[in-house]
file structure.tsv (TSV, C-alpha atoms and all ligand atoms)
chain	number	residue	atom	x	y	z
W	1	MET	CA	-15.46	41.67	-6.51
W	2	ASN	CA	-15.23	38.02	-5.59
W	3	ILE	CA	-11.66	37.38	-4.47
W	4	SER	CA	-10.56	34.09	-2.98
W	5	PRO	CA	-7.55	34.76	-0.78
W	6	ASN	CA	-4.34	32.72	-0.78
W	7	LYS	CA	-5.34	29.27	0.27
W	8	VAL	CA	-4.07	25.74	0.61
W	9	THR	CA	-6.71	23.10	-0.03
W	10	ILE	CA	-6.29	19.57	1.29
W	11	ASP	CA	-8.27	16.86	-0.49
W	12	LEU	CA	-8.66	14.00	1.97
W	13	SER	CA	-10.10	11.69	-0.69
W	14	ALA	CA	-6.72	11.85	-2.46
W	15	LEU	CA	-5.05	10.74	0.77
W	16	GLN	CA	-7.42	7.79	0.90
W	17	ASP	CA	-6.66	6.83	-2.71
W	18	ASN	CA	-2.92	7.02	-2.13
W	19	LEU	CA	-3.12	4.79	0.93
W	20	LEU	CA	-5.13	2.30	-1.12
W	21	LYS	CA	-2.43	2.28	-3.82
W	22	ILE	CA	0.22	1.57	-1.19
W	23	ARG	CA	-1.87	-1.26	0.25
W	24	GLU	CA	-2.12	-2.84	-3.18
W	25	LEU	CA	1.65	-2.69	-3.54
W	26	VAL	CA	2.63	-4.44	-0.30
W	27	ASP	CA	1.81	-7.95	0.93
W	28	GLN	CA	-1.36	-8.33	2.92
W	29	LYS	CA	0.51	-9.08	6.12
W	30	THR	CA	2.81	-6.07	5.78
W	31	LYS	CA	1.87	-3.29	8.20
W	32	ILE	CA	1.75	0.37	7.16
W	33	MET	CA	2.94	3.25	9.32
W	34	GLY	CA	1.81	6.63	7.98
W	35	ILE	CA	4.51	9.24	8.46
W	36	VAL	CA	2.94	12.48	9.73
W	37	LYS	CA	6.02	14.37	10.92
W	38	SER	CA	6.38	18.10	10.27
W	39	ASP	CA	2.66	18.74	10.51
W	40	ALA	CA	1.98	15.88	8.12
W	41	TYR	CA	4.34	17.34	5.51
W	42	GLY	CA	2.44	20.63	5.75
W	43	HIS	CA	-1.01	19.03	5.37
W	44	GLY	CA	-2.04	19.39	9.04
W	45	LEU	CA	-1.20	16.79	11.69
W	46	ILE	CA	-4.60	16.29	13.32
W	47	PRO	CA	-6.86	16.18	10.24
W	48	VAL	CA	-4.45	13.86	8.40
W	49	ALA	CA	-3.87	11.56	11.38
W	50	THR	CA	-7.60	11.40	12.09
W	51	GLU	CA	-8.31	10.49	8.48
W	52	LEU	CA	-5.56	7.85	8.39
W	53	GLU	CA	-6.87	6.25	11.57
W	54	LYS	CA	-10.33	6.18	10.05
W	55	LEU	CA	-8.84	4.41	7.02
W	56	HIS	CA	-7.42	1.73	9.36
W	57	ILE	CA	-3.76	2.49	8.90
W	58	ASP	CA	-1.73	0.36	11.34
W	59	SER	CA	0.28	3.08	13.04
W	60	LEU	CA	1.61	6.63	12.76
W	61	GLY	CA	5.17	7.93	12.89
W	62	LEU	CA	6.34	11.43	13.75
W	63	ASN	CA	9.43	13.14	15.10
W	64	TYR	CA	8.63	14.59	18.52
W	65	LEU	CA	6.97	13.61	21.77
W	66	SER	CA	4.95	16.86	21.74
W	67	GLU	CA	3.37	15.91	18.41
W	68	ALA	CA	2.57	12.42	19.69
W	69	ILE	CA	0.86	13.83	22.79
W	70	LYS	CA	-1.20	16.11	20.56
W	71	LEU	CA	-2.47	13.04	18.73
W	72	ARG	CA	-3.46	11.34	21.97
W	73	THR	CA	-5.24	14.43	23.32
W	74	GLU	CA	-7.17	14.61	20.05
W	75	GLY	CA	-8.33	11.04	20.60
W	76	ILE	CA	-6.07	9.11	18.22
W	77	LYS	CA	-5.83	5.56	19.58
W	78	ILE	CA	-3.60	3.62	17.17
W	79	PRO	CA	0.13	3.05	17.90
W	80	VAL	CA	2.24	6.20	17.56
W	81	VAL	CA	6.00	6.00	17.09
W	82	ILE	CA	8.37	8.83	18.03
W	83	LEU	CA	11.01	8.60	15.31
W	84	LEU	CA	13.56	10.80	17.11
W	85	GLY	CA	13.07	9.13	20.48
W	86	ILE	CA	13.26	10.84	23.86
W	87	THR	CA	16.09	11.95	26.15
W	88	THR	CA	14.83	12.71	29.67
W	89	SER	CA	13.00	10.75	32.36
W	90	GLN	CA	10.17	13.31	32.34
W	91	GLU	CA	9.69	12.48	28.68
W	92	ALA	CA	9.87	8.77	29.43
W	93	LYS	CA	7.03	9.18	31.92
W	94	LYS	CA	4.92	10.85	29.23
W	95	VAL	CA	5.72	7.98	26.87
W	96	ALA	CA	4.29	5.57	29.43
W	97	ASP	CA	1.33	7.79	30.34
W	98	TYR	CA	0.27	8.29	26.74
W	99	ASN	CA	1.16	4.78	25.58
W	100	LEU	CA	3.65	5.83	22.90
W	101	ILE	CA	6.48	3.95	21.20
W	102	PRO	CA	9.87	5.71	21.06
W	103	ILE	CA	12.86	4.82	18.92
W	104	ILE	CA	16.03	4.17	20.92
W	105	TYR	CA	19.48	4.78	19.51
W	106	ASP	CA	21.75	4.70	22.56
W	107	LEU	CA	22.00	3.15	26.02
W	108	ASP	CA	21.06	6.41	27.79
W	109	SER	CA	17.56	6.55	26.40
W	110	ALA	CA	17.20	2.79	26.84
W	111	ARG	CA	18.06	3.06	30.57
W	112	ILE	CA	15.69	5.96	31.14
W	113	LEU	CA	12.84	4.10	29.47
W	114	SER	CA	13.69	0.91	31.32
W	115	GLU	CA	13.49	2.73	34.68
W	116	GLU	CA	10.13	4.20	33.73
W	117	GLY	CA	8.85	0.83	32.53
W	118	LYS	CA	9.81	-0.83	35.80
W	119	LYS	CA	8.18	1.98	37.80
W	120	SER	CA	4.92	1.90	35.88
W	121	GLY	CA	4.83	-1.91	35.98
W	122	ARG	CA	4.24	-2.21	32.25
W	123	ALA	CA	7.01	-2.74	29.71
W	124	ILE	CA	7.46	0.18	27.32
W	125	LYS	CA	7.58	-0.85	23.69
W	126	VAL	CA	10.53	0.49	21.72
W	127	TYR	CA	12.12	0.20	18.30
W	128	LEU	CA	15.87	-0.03	17.96
W	129	LYS	CA	17.34	2.32	15.38
W	130	ILE	CA	20.13	0.74	13.36
W	131	ASP	CA	22.33	2.60	10.90
W	132	THR	CA	22.72	0.38	7.83
W	133	GLY	CA	24.32	3.08	5.68
W	134	MET	CA	22.32	6.29	6.12
W	135	GLY	CA	25.12	7.85	8.15
W	136	ARG	CA	22.72	9.48	10.57
W	137	LEU	CA	20.97	8.59	13.84
W	138	GLY	CA	21.36	5.05	15.14
W	139	ILE	CA	23.87	2.42	16.16
W	140	ASP	CA	26.08	0.92	13.51
W	141	PHE	CA	24.62	-2.36	12.25
W	142	SER	CA	27.90	-4.13	12.97
W	143	GLU	CA	27.45	-3.34	16.69
W	144	THR	CA	23.90	-4.67	16.91
W	145	GLY	CA	24.94	-7.76	18.85
W	146	LEU	CA	26.93	-5.84	21.46
W	147	PHE	CA	24.09	-3.41	21.95
W	148	ILE	CA	21.41	-6.07	22.25
W	149	LYS	CA	23.45	-7.87	24.93
W	150	GLN	CA	23.32	-4.67	27.00
W	151	LEU	CA	19.61	-4.15	26.35
W	152	LYS	CA	18.77	-7.70	27.36
W	153	LYS	CA	19.89	-6.90	30.90
W	154	MET	CA	17.32	-4.12	31.13
W	155	LYS	CA	13.83	-4.86	32.40
W	156	GLY	CA	10.86	-2.63	31.63
W	157	ILE	CA	11.35	-2.29	27.89
W	158	LYS	CA	10.29	-4.52	25.03
W	159	ILE	CA	11.99	-4.28	21.64
W	160	GLU	CA	9.31	-4.62	18.97
W	161	GLY	CA	11.64	-4.49	16.05
W	162	LEU	CA	14.62	-2.95	14.33
W	163	PHE	CA	14.30	0.27	12.38
W	164	SER	CA	16.63	1.56	9.73
W	165	HIS	CA	16.42	4.17	6.99
W	166	LEU	CA	17.39	4.02	3.31
W	167	SER	CA	19.55	6.85	1.99
W	168	SER	CA	19.49	6.23	-1.75
W	169	ALA	CA	16.38	4.28	-2.75
W	170	ASP	CA	15.33	7.08	-5.14
W	171	GLU	CA	18.53	6.74	-7.18
W	172	GLN	CA	18.91	4.73	-10.39
W	173	ASP	CA	21.88	2.78	-9.04
W	174	THR	CA	20.52	-0.02	-6.85
W	175	LEU	CA	23.78	-1.28	-5.36
W	176	PHE	CA	23.83	0.85	-2.22
W	177	THR	CA	20.23	0.07	-1.31
W	178	LYS	CA	20.87	-3.64	-1.78
W	179	THR	CA	23.80	-3.34	0.60
W	180	GLN	CA	21.58	-1.61	3.15
W	181	ILE	CA	19.00	-4.40	2.86
W	182	LYS	CA	21.75	-6.99	3.38
W	183	ASN	CA	23.09	-5.11	6.44
W	184	PHE	CA	19.60	-4.88	7.87
W	185	LYS	CA	19.00	-8.62	7.44
W	186	GLU	CA	22.28	-9.28	9.17
W	187	ALA	CA	21.29	-7.07	12.12
W	188	ILE	CA	17.97	-8.93	12.39
W	189	SER	CA	19.54	-12.37	12.41
W	190	VAL	CA	22.16	-11.36	14.97
W	191	SER	CA	19.38	-10.06	17.23
W	192	ARG	CA	17.30	-13.19	16.79
W	193	ARG	CA	20.26	-15.39	17.63
W	194	LEU	CA	20.46	-13.47	20.89
W	195	GLY	CA	16.88	-14.39	21.62
W	196	LEU	CA	14.87	-11.37	20.49
W	197	GLU	CA	11.63	-12.13	18.71
W	198	LEU	CA	11.38	-8.93	16.64
W	199	THR	CA	8.01	-8.99	14.91
W	200	MET	CA	8.04	-5.45	13.54
W	201	ASN	CA	11.19	-4.77	11.54
W	202	SER	CA	11.08	-1.81	9.20
W	203	LEU	CA	13.34	-0.33	6.54
W	204	ALA	CA	11.36	1.12	3.63
W	205	ASN	CA	10.40	4.76	3.06
W	206	SER	CA	8.38	5.79	-0.01
W	207	ALA	CA	11.17	5.16	-2.53
W	208	GLY	CA	11.97	1.81	-0.91
W	209	ILE	CA	8.30	0.80	-0.98
W	210	MET	CA	8.00	1.49	-4.70
W	211	ARG	CA	11.35	0.14	-5.88
W	212	TYR	CA	12.41	-2.62	-3.46
W	213	LYS	CA	9.96	-5.32	-2.50
W	214	LYS	CA	12.79	-6.94	-0.51
W	215	ALA	CA	12.97	-3.85	1.70
W	216	HIS	CA	9.38	-4.17	2.91
W	217	PHE	CA	9.98	-6.54	5.87
W	218	ASP	CA	7.14	-6.39	8.48
W	219	LEU	CA	6.30	-2.70	8.32
W	220	VAL	CA	6.66	0.00	5.66
W	221	ARG	CA	6.81	3.74	6.39
W	222	PRO	CA	5.37	5.84	3.57
W	223	GLY	CA	5.56	9.61	3.87
W	224	ILE	CA	5.68	11.62	0.66
W	225	ILE	CA	3.64	9.18	-1.45
W	226	LEU	CA	0.73	9.41	0.99
W	227	TYR	CA	0.56	13.06	0.00
W	228	GLY	CA	0.97	12.33	-3.71
W	229	GLY	CA	4.54	13.58	-4.11
W	230	LEU	CA	7.53	11.68	-5.43
W	231	PRO	CA	10.84	11.02	-3.64
W	232	CYS	CA	12.56	13.16	-6.28
W	233	PRO	CA	11.23	15.04	-9.33
W	234	ASP	CA	12.65	12.59	-11.91
W	235	PHE	CA	11.59	9.42	-10.06
W	236	GLY	CA	9.10	8.29	-12.70
W	237	LYS	CA	5.53	7.29	-11.88
W	238	PRO	CA	5.31	3.70	-10.68
W	239	LEU	CA	2.08	4.47	-8.80
W	240	ALA	CA	-0.91	6.51	-9.93
W	241	LEU	CA	-0.86	8.89	-6.98
W	242	ARG	CA	-3.14	11.88	-6.44
W	243	HIS	CA	-1.91	15.19	-5.13
W	244	VAL	CA	-3.48	16.02	-1.82
W	245	MET	CA	-2.49	19.69	-1.66
W	246	THR	CA	-3.51	22.59	-3.89
W	247	PHE	CA	-2.27	26.14	-3.47
W	248	CYS	CA	-4.02	29.03	-5.16
W	249	SER	CA	-3.76	32.80	-5.02
W	250	TRP	CA	-5.28	35.64	-7.05
W	251	VAL	CA	-4.51	38.35	-9.60
W	252	MET	CA	-4.17	41.81	-8.03
W	253	GLN	CA	-3.53	43.73	-11.22
W	254	VAL	CA	-3.23	43.17	-14.96
W	255	ARG	CA	-0.99	45.55	-16.89
W	256	LYS	CA	0.05	46.07	-20.49
W	257	VAL	CA	3.74	46.90	-20.72
W	258	GLU	CA	6.02	47.99	-23.55
W	259	HIS	CA	8.90	46.09	-25.08
W	260	GLY	CA	11.98	46.31	-22.86
W	261	THR	CA	10.19	46.85	-19.54
W	262	PRO	CA	12.22	45.63	-16.56
W	263	ILE	CA	10.27	43.33	-14.24
W	264	SER	CA	10.70	43.10	-10.44
W	265	TYR	CA	13.80	43.40	-8.20
W	266	GLY	CA	17.17	43.48	-9.86
W	267	ARG	CA	15.70	43.77	-13.38
W	268	THR	CA	16.50	40.10	-14.03
W	269	PHE	CA	13.82	40.06	-16.77
W	270	TYR	CA	13.12	42.53	-19.57
W	271	THR	CA	9.99	42.09	-21.70
W	272	ASP	CA	10.53	41.01	-25.25
W	273	GLY	CA	7.86	42.88	-27.15
W	274	SER	CA	4.75	44.45	-25.63
W	275	ARG	CA	3.30	42.15	-23.02
W	276	LYS	CA	0.38	41.64	-20.70
W	277	ILE	CA	1.49	40.83	-17.19
W	278	ALA	CA	-0.40	39.71	-14.08
W	279	ILE	CA	0.72	40.73	-10.61
W	280	ILE	CA	-0.14	37.85	-8.28
W	281	SER	CA	-0.80	38.14	-4.59
W	282	SER	CA	1.71	35.72	-3.09
W	283	GLY	CA	5.46	35.37	-2.74
W	284	TYR	CA	8.18	33.67	-0.76
W	285	ALA	CA	6.71	34.72	2.58
W	286	ASP	CA	3.69	32.63	1.61
W	287	GLY	CA	5.90	29.60	1.12
W	288	LEU	CA	6.80	29.91	-2.58
W	289	SER	CA	10.46	29.32	-3.31
W	290	ARG	CA	12.36	32.40	-4.48
W	291	SER	CA	14.16	30.01	-6.83
W	292	LEU	CA	11.00	30.00	-8.96
W	293	SER	CA	12.09	33.44	-10.19
W	294	ASN	CA	12.17	33.34	-14.01
W	295	LYS	CA	11.73	29.55	-13.85
W	296	GLY	CA	8.31	28.50	-12.61
W	297	ASN	CA	4.84	28.57	-14.06
W	298	VAL	CA	1.37	29.20	-12.70
W	299	LEU	CA	-2.09	28.20	-13.92
W	300	ILE	CA	-4.53	30.94	-14.84
W	301	HIS	CA	-7.85	30.00	-16.49
W	302	GLY	CA	-6.34	26.50	-16.70
W	303	LYS	CA	-3.44	27.70	-18.85
W	304	LYS	CA	0.23	27.83	-17.99
W	305	ALA	CA	1.75	31.27	-17.52
W	306	ARG	CA	5.46	31.79	-17.01
W	307	ILE	CA	6.77	33.48	-13.87
W	308	ILE	CA	8.90	36.44	-14.94
W	309	GLY	CA	11.36	38.40	-12.81
W	310	ARG	CA	12.11	37.70	-9.18
W	311	VAL	CA	9.54	36.28	-6.81
W	312	CYS	CA	9.02	38.95	-4.10
W	313	MET	CA	8.01	38.59	-0.47
W	314	ASN	CA	4.27	38.72	-1.17
W	315	LEU	CA	4.04	39.25	-4.93
W	316	THR	CA	4.88	37.31	-8.08
W	317	ILE	CA	4.60	38.38	-11.71
W	318	ALA	CA	3.50	36.16	-14.62
W	319	ASP	CA	3.32	36.73	-18.34
W	320	VAL	CA	-0.32	36.30	-19.39
W	321	THR	CA	-0.06	37.78	-22.89
W	322	SER	CA	-1.47	34.64	-24.52
W	323	ILE	CA	-4.31	34.10	-22.04
W	324	LYS	CA	-7.53	35.87	-22.91
W	325	GLY	CA	-9.58	37.85	-20.45
W	326	VAL	CA	-7.36	37.72	-17.38
W	327	LYS	CA	-8.61	40.27	-14.87
W	328	LYS	CA	-8.24	41.45	-11.32
W	329	GLY	CA	-9.51	38.87	-8.84
W	330	ASP	CA	-8.94	35.82	-11.05
W	331	ARG	CA	-7.71	32.67	-9.40
W	332	VAL	CA	-4.06	31.67	-9.87
W	333	CYS	CA	-2.91	28.16	-9.06
W	334	PHE	CA	0.70	27.59	-8.13
W	335	LEU	CA	-0.04	24.00	-7.22
W	336	GLY	CA	-3.11	22.28	-8.61
W	337	LYS	CA	-5.10	21.09	-11.56
W	338	GLU	CA	-7.36	23.09	-13.84
W	339	LYS	CA	-8.99	22.13	-17.13
W	340	GLY	CA	-6.65	19.24	-17.80
W	341	ASN	CA	-3.50	21.18	-17.00
W	342	SER	CA	-1.68	20.68	-13.75
W	343	ILE	CA	1.29	21.84	-11.73
W	344	THR	CA	2.45	19.32	-9.14
W	345	SER	CA	4.78	19.70	-6.19
W	346	ASP	CA	7.29	17.71	-8.25
W	347	ASP	CA	7.08	20.25	-11.10
W	348	MET	CA	7.66	23.04	-8.62
W	349	ALA	CA	10.50	21.12	-7.03
W	350	ARG	CA	12.18	20.65	-10.41
W	351	TRP	CA	11.91	24.37	-11.26
W	352	ALA	CA	13.19	25.41	-7.84
W	353	ASP	CA	15.87	22.71	-7.66
W	354	THR	CA	14.47	21.06	-4.54
W	355	ILE	CA	12.16	18.15	-3.65
W	356	SER	CA	8.40	17.97	-3.27
W	357	TYR	CA	8.79	17.54	0.53
W	358	GLU	CA	10.12	21.08	0.89
W	359	VAL	CA	7.50	22.55	-1.44
W	360	LEU	CA	4.64	20.95	0.52
W	361	CYS	CA	6.04	21.78	3.97
W	362	SER	CA	6.60	25.44	3.17
W	363	LEU	CA	3.27	26.09	1.44
W	364	GLY	CA	1.30	24.08	3.99
W	365	SER	CA	2.82	25.72	7.03
W	366	ARG	CA	2.36	29.30	5.83
W	367	ASN	CA	-1.20	29.39	4.58
W	368	ASN	CA	-4.70	28.81	5.79
W	369	ARG	CA	-5.75	25.28	5.01
W	370	GLU	CA	-9.17	24.19	3.92
W	371	TYR	CA	-10.17	20.52	4.01
W	372	VAL	CA	-12.43	18.96	1.39
W	373	ASN	CA	-13.93	15.49	0.85
M	401	LIG	C1	10.50	10.83	6.98
M	401	LIG	C2	10.70	9.43	7.26
M	401	LIG	C3	10.06	8.44	6.51
M	401	LIG	C4	9.22	8.73	5.29
M	401	LIG	O1	10.03	9.08	4.20
M	401	LIG	P1	9.37	9.34	2.76
M	401	LIG	O2	10.52	9.46	1.85
M	401	LIG	O3	8.59	10.61	2.89
M	401	LIG	O4	8.50	8.19	2.49
M	401	LIG	C5	10.23	7.13	6.89
M	401	LIG	N1	10.99	6.80	7.96
M	401	LIG	C6	11.64	7.72	8.69
M	401	LIG	C7	12.46	7.30	9.86
M	401	LIG	C8	11.52	9.07	8.38
M	401	LIG	O5	12.15	9.98	9.11

call {"tool": "encode", "arguments": {"input": "structure.tsv", "output": "structure tokens"}}
result
Amino acid sequence: MNISPNKVTIDLSALQDNLLKIRELVDQKTKIMGIVKSDAYGHGLIPVATELEKLHIDSLGLNYLSEAIKLRTEGIKIPVVILLGITTSQEAKKVADYNLIPIIYDLDSARILSEEGKKSGRAIKVYLKIDTGMGRLGIDFSETGLFIKQLKKMKGIKIEGLFSHLSSADEQDTLFTKTQIKNFKEAISVSRRLGLELTMNSLANSAGIMRYKKAHFDLVRPGIILYGGLPCPDFGKPLALRHVMTFCSWVMQVRKVEHGTPISYGRTFYTDGSRKIAIISSGYADGLSRSLSNKGNVLIHGKKARIIGRVCMNLTIADVTSIKGVKKGDRVCFLGKEKGNSITSDDMARWADTISYEVLCSLGSRNNREYVN
């Protein structure tokens, strides 16, 4: 029997198309930083970063120093930004050695980097993280001036630009995002009045890129839309994106069951009439959300089949009564496109009450990945 095991497939040509769509959306002079944190949202850090560099993306952004060093050891040459910054002088030395760009969000990390910059004789480039309303990492935008005055006394670092993050750009109500944009502009002008040049200011994530031209500034930071997902399941489709990831599994057994048969743990589903069911070889340990229990669908022979009963650790059950000829070994797609039907990470996110980011990260990190195109 020809069985294809559980597998995530990554289509690099879709990544290329998505980047092209983003390029068309922003001004020619606007730079693009591809966000590749969390193993490139489950798509694989090195293959994705290598492809993006080949496609002439301007820079890459990720969370940790260790990930950035991995990129350098794999030969990635373009600017790499560490979005969560660094905290120790050992790390600062690595930043200098590997020519990386950390975010700074307090005077501690600024001092450490400044010392390292002076020692190595070459100023370390940094971005200053400003909180314009996200309520997370950064200095409050109203304190930008005070902070910059301190930084200006430090040699060995060069502030490339201000960074800030939008909290609500995926929502229908635009007021809060507009306030964040206004706060960000204010922080920029305060800094410029204090003599900083700031050529690389950046505010927009995927939702901001698609909805707020005024949030683009010098550099945009797309993450989820590079991979074809949406900021939230009901975002709408302003861009014709392609899904980069597919996840397929296989049918282990097909059974005919009587009316009233309880299905899976807890008997949360009883069959209504005699049914044909397929037992599928993947579950929550393979990265599927248990919230898909009695809610999700799968594609078999290109047709949608409903998930019935609870998703188990390594098994899931689907009702295939209306699909002809389903047999052991057949391919089952949880995420993918077959014969004109498709299930996207946004569909899955809607069924499981989450967002495509989580769907992609969990499937991508728990399965073997194959790269095509
Ligand atoms: C994750 C992240 C992004 C990308 O967000 P998306 O919504 O995936 O586009 C951009 N900037 C920062 C600082 C991030 O942490």

call {"tool": "residues_near_point", "arguments": {"input": "structure.tsv", "point": "(5.3, 34.4, -17.0)", "cutoff": "6 Å", "atoms": "all atoms listed in the file", "output": "short mmCIF file (atom, residue, chain, number, x, y, z; two decimals) with C-alpha atoms, in the coordinates of the input"}}
result
data_model
loop_
_atom_site.label_atom_id
_atom_site.label_comp_id
_atom_site.auth_asym_id
_atom_site.auth_seq_id
_atom_site.Cartn_x
_atom_site.Cartn_y
_atom_site.Cartn_z
CA ALA W 305 1.75 31.27 -17.52
CA ARG W 306 5.46 31.79 -17.01
CA ILE W 307 6.77 33.48 -13.87
CA ILE W 308 8.90 36.44 -14.94
CA ALA W 318 3.50 36.16 -14.62
CA ASP W 319 3.32 36.73 -18.34
#

call {"tool": "residues_near_ligand", "arguments": {"input": "structure.tsv", "ligand": "ligand LIG 401 (chain M)", "cutoff": "7 Å", "atoms": "only C-alpha atoms and all ligand atoms", "output": "list in words"}}
result
Ile35, Lys37, Leu83, His165, Ala204, Asn205, Ser206, Ala207, Arg221, Pro222, Gly223, Ile224, Ile225 and Pro231 of chain W

call {"tool": "closest_residue", "arguments": {"input": "structure.tsv", "among": "W:Ser202, W:Glu338, W:Met245, W:Gly145", "to": "Ser365 (chain W)", "atoms": "all atoms listed in the file"}}
result
W:Met245

call {"tool": "closest_residue", "arguments": {"input": "structure.tsv", "among": "W:Thr246, W:Ser142, W:Asn341, W:Ser293", "to": "Arg369 (chain W)", "atoms": "all atoms listed in the file"}}
result
W:Thr246

call {"tool": "closest_residue", "arguments": {"input": "structure.tsv", "among": "W:Ala349, W:Ala68, W:Met154, W:Val251", "to": "Ile3 (chain W)", "atoms": "all atoms listed in the file"}}
result
W:Val251

call {"tool": "closest_residue", "arguments": {"input": "structure.tsv", "among": "W:Leu219, W:Leu20, W:Val36, W:Met252", "to": "Lys328 (chain W)", "atoms": "only C-alpha atoms"}}
result
W:Met252

call {"tool": "residues_around", "arguments": {"input": "structure.tsv", "residues": "Thr344 (chain W)", "least_positions_apart": "5", "cutoff": "8 Å", "atoms": "all atoms listed in the file", "output": "PyMOL selection string"}}
result
chain W and resi 229+243+335-336

call {"tool": "residues_around", "arguments": {"input": "structure.tsv", "residues": "Val372 (chain W)", "least_positions_apart": "5", "cutoff": "7 Å", "atoms": "all atoms listed in the file", "output": "list in words"}}
result
Ile10, Asp11 and Leu12 of chain W

call {"tool": "atom_distance", "arguments": {"input": "structure.tsv", "atom1": "CA of Ala169 (chain W)", "atom2": "CA of Val190 (chain W)"}}
result
24.3 Å

call {"tool": "residues_near_point", "arguments": {"input": "structure.tsv", "point": "(10.7, -5.5, 17.7)", "cutoff": "10 Å", "atoms": "all atoms listed in the file", "output": "list of chain:residue names"}}
result
W:Lys125, W:Val126, W:Tyr127, W:Leu128, W:Lys158, W:Ile159, W:Glu160, W:Gly161, W:Leu162, W:Phe163, W:Ile188, W:Ser191, W:Leu196, W:Glu197, W:Leu198, W:Thr199, W:Met200, W:Asn201, W:Ser202, W:Asp218

call {"tool": "decode", "arguments": {"input": "structure.tsv", "residues": "region 66-77 of chain W", "atoms": "N, CA, C and O atoms", "output": "short mmCIF file (atom, residue, chain, number, x, y, z; two decimals), in the first residue's frame"}}
result
data_model
loop_
_atom_site.label_atom_id
_atom_site.label_comp_id
_atom_site.auth_asym_id
_atom_site.auth_seq_id
_atom_site.Cartn_x
_atom_site.Cartn_y
_atom_site.Cartn_z
N SER W 66 19.92 33.94 19.31
CA SER W 66 20.31 32.61 18.83
C SER W 66 19.81 32.36 17.41
O SER W 66 20.52 31.78 16.58
N GLU W 67 18.59 32.82 17.13
CA GLU W 67 18.05 32.63 15.77
C GLU W 67 18.85 33.46 14.76
O GLU W 67 19.13 33.01 13.65
N ALA W 68 19.21 34.67 15.19
CA ALA W 68 19.95 35.57 14.29
C ALA W 68 21.32 34.98 13.95
O ALA W 68 21.77 35.03 12.80
N ILE W 69 21.97 34.39 14.96
CA ILE W 69 23.28 33.78 14.73
C ILE W 69 23.16 32.60 13.77
O ILE W 69 24.00 32.41 12.88
N LYS W 70 22.08 31.84 13.93
CA LYS W 70 21.82 30.73 13.00
C LYS W 70 21.79 31.24 11.55
O LYS W 70 22.36 30.62 10.65
N LEU W 71 21.12 32.35 11.35
CA LEU W 71 21.04 32.90 9.99
C LEU W 71 22.42 33.24 9.46
O LEU W 71 22.76 32.94 8.31
N ARG W 72 23.23 33.88 10.31
CA ARG W 72 24.58 34.26 9.87
C ARG W 72 25.42 33.02 9.57
O ARG W 72 26.14 32.99 8.56
N THR W 73 25.34 31.99 10.44
CA THR W 73 26.16 30.79 10.18
C THR W 73 25.70 30.06 8.93
O THR W 73 26.49 29.35 8.30
N GLU W 74 24.44 30.27 8.55
CA GLU W 74 23.95 29.66 7.30
C GLU W 74 24.23 30.55 6.10
O GLU W 74 23.73 30.29 5.01
N GLY W 75 24.92 31.65 6.32
CA GLY W 75 25.34 32.47 5.18
C GLY W 75 24.42 33.60 4.79
O GLY W 75 24.59 34.21 3.72
N ILE W 76 23.41 33.88 5.60
CA ILE W 76 22.51 35.01 5.29
C ILE W 76 23.25 36.33 5.56
O ILE W 76 23.79 36.53 6.64
N LYS W 77 23.24 37.22 4.57
CA LYS W 77 24.07 38.43 4.66
C LYS W 77 23.28 39.71 4.92
O LYS W 77 23.83 40.72 5.35
#
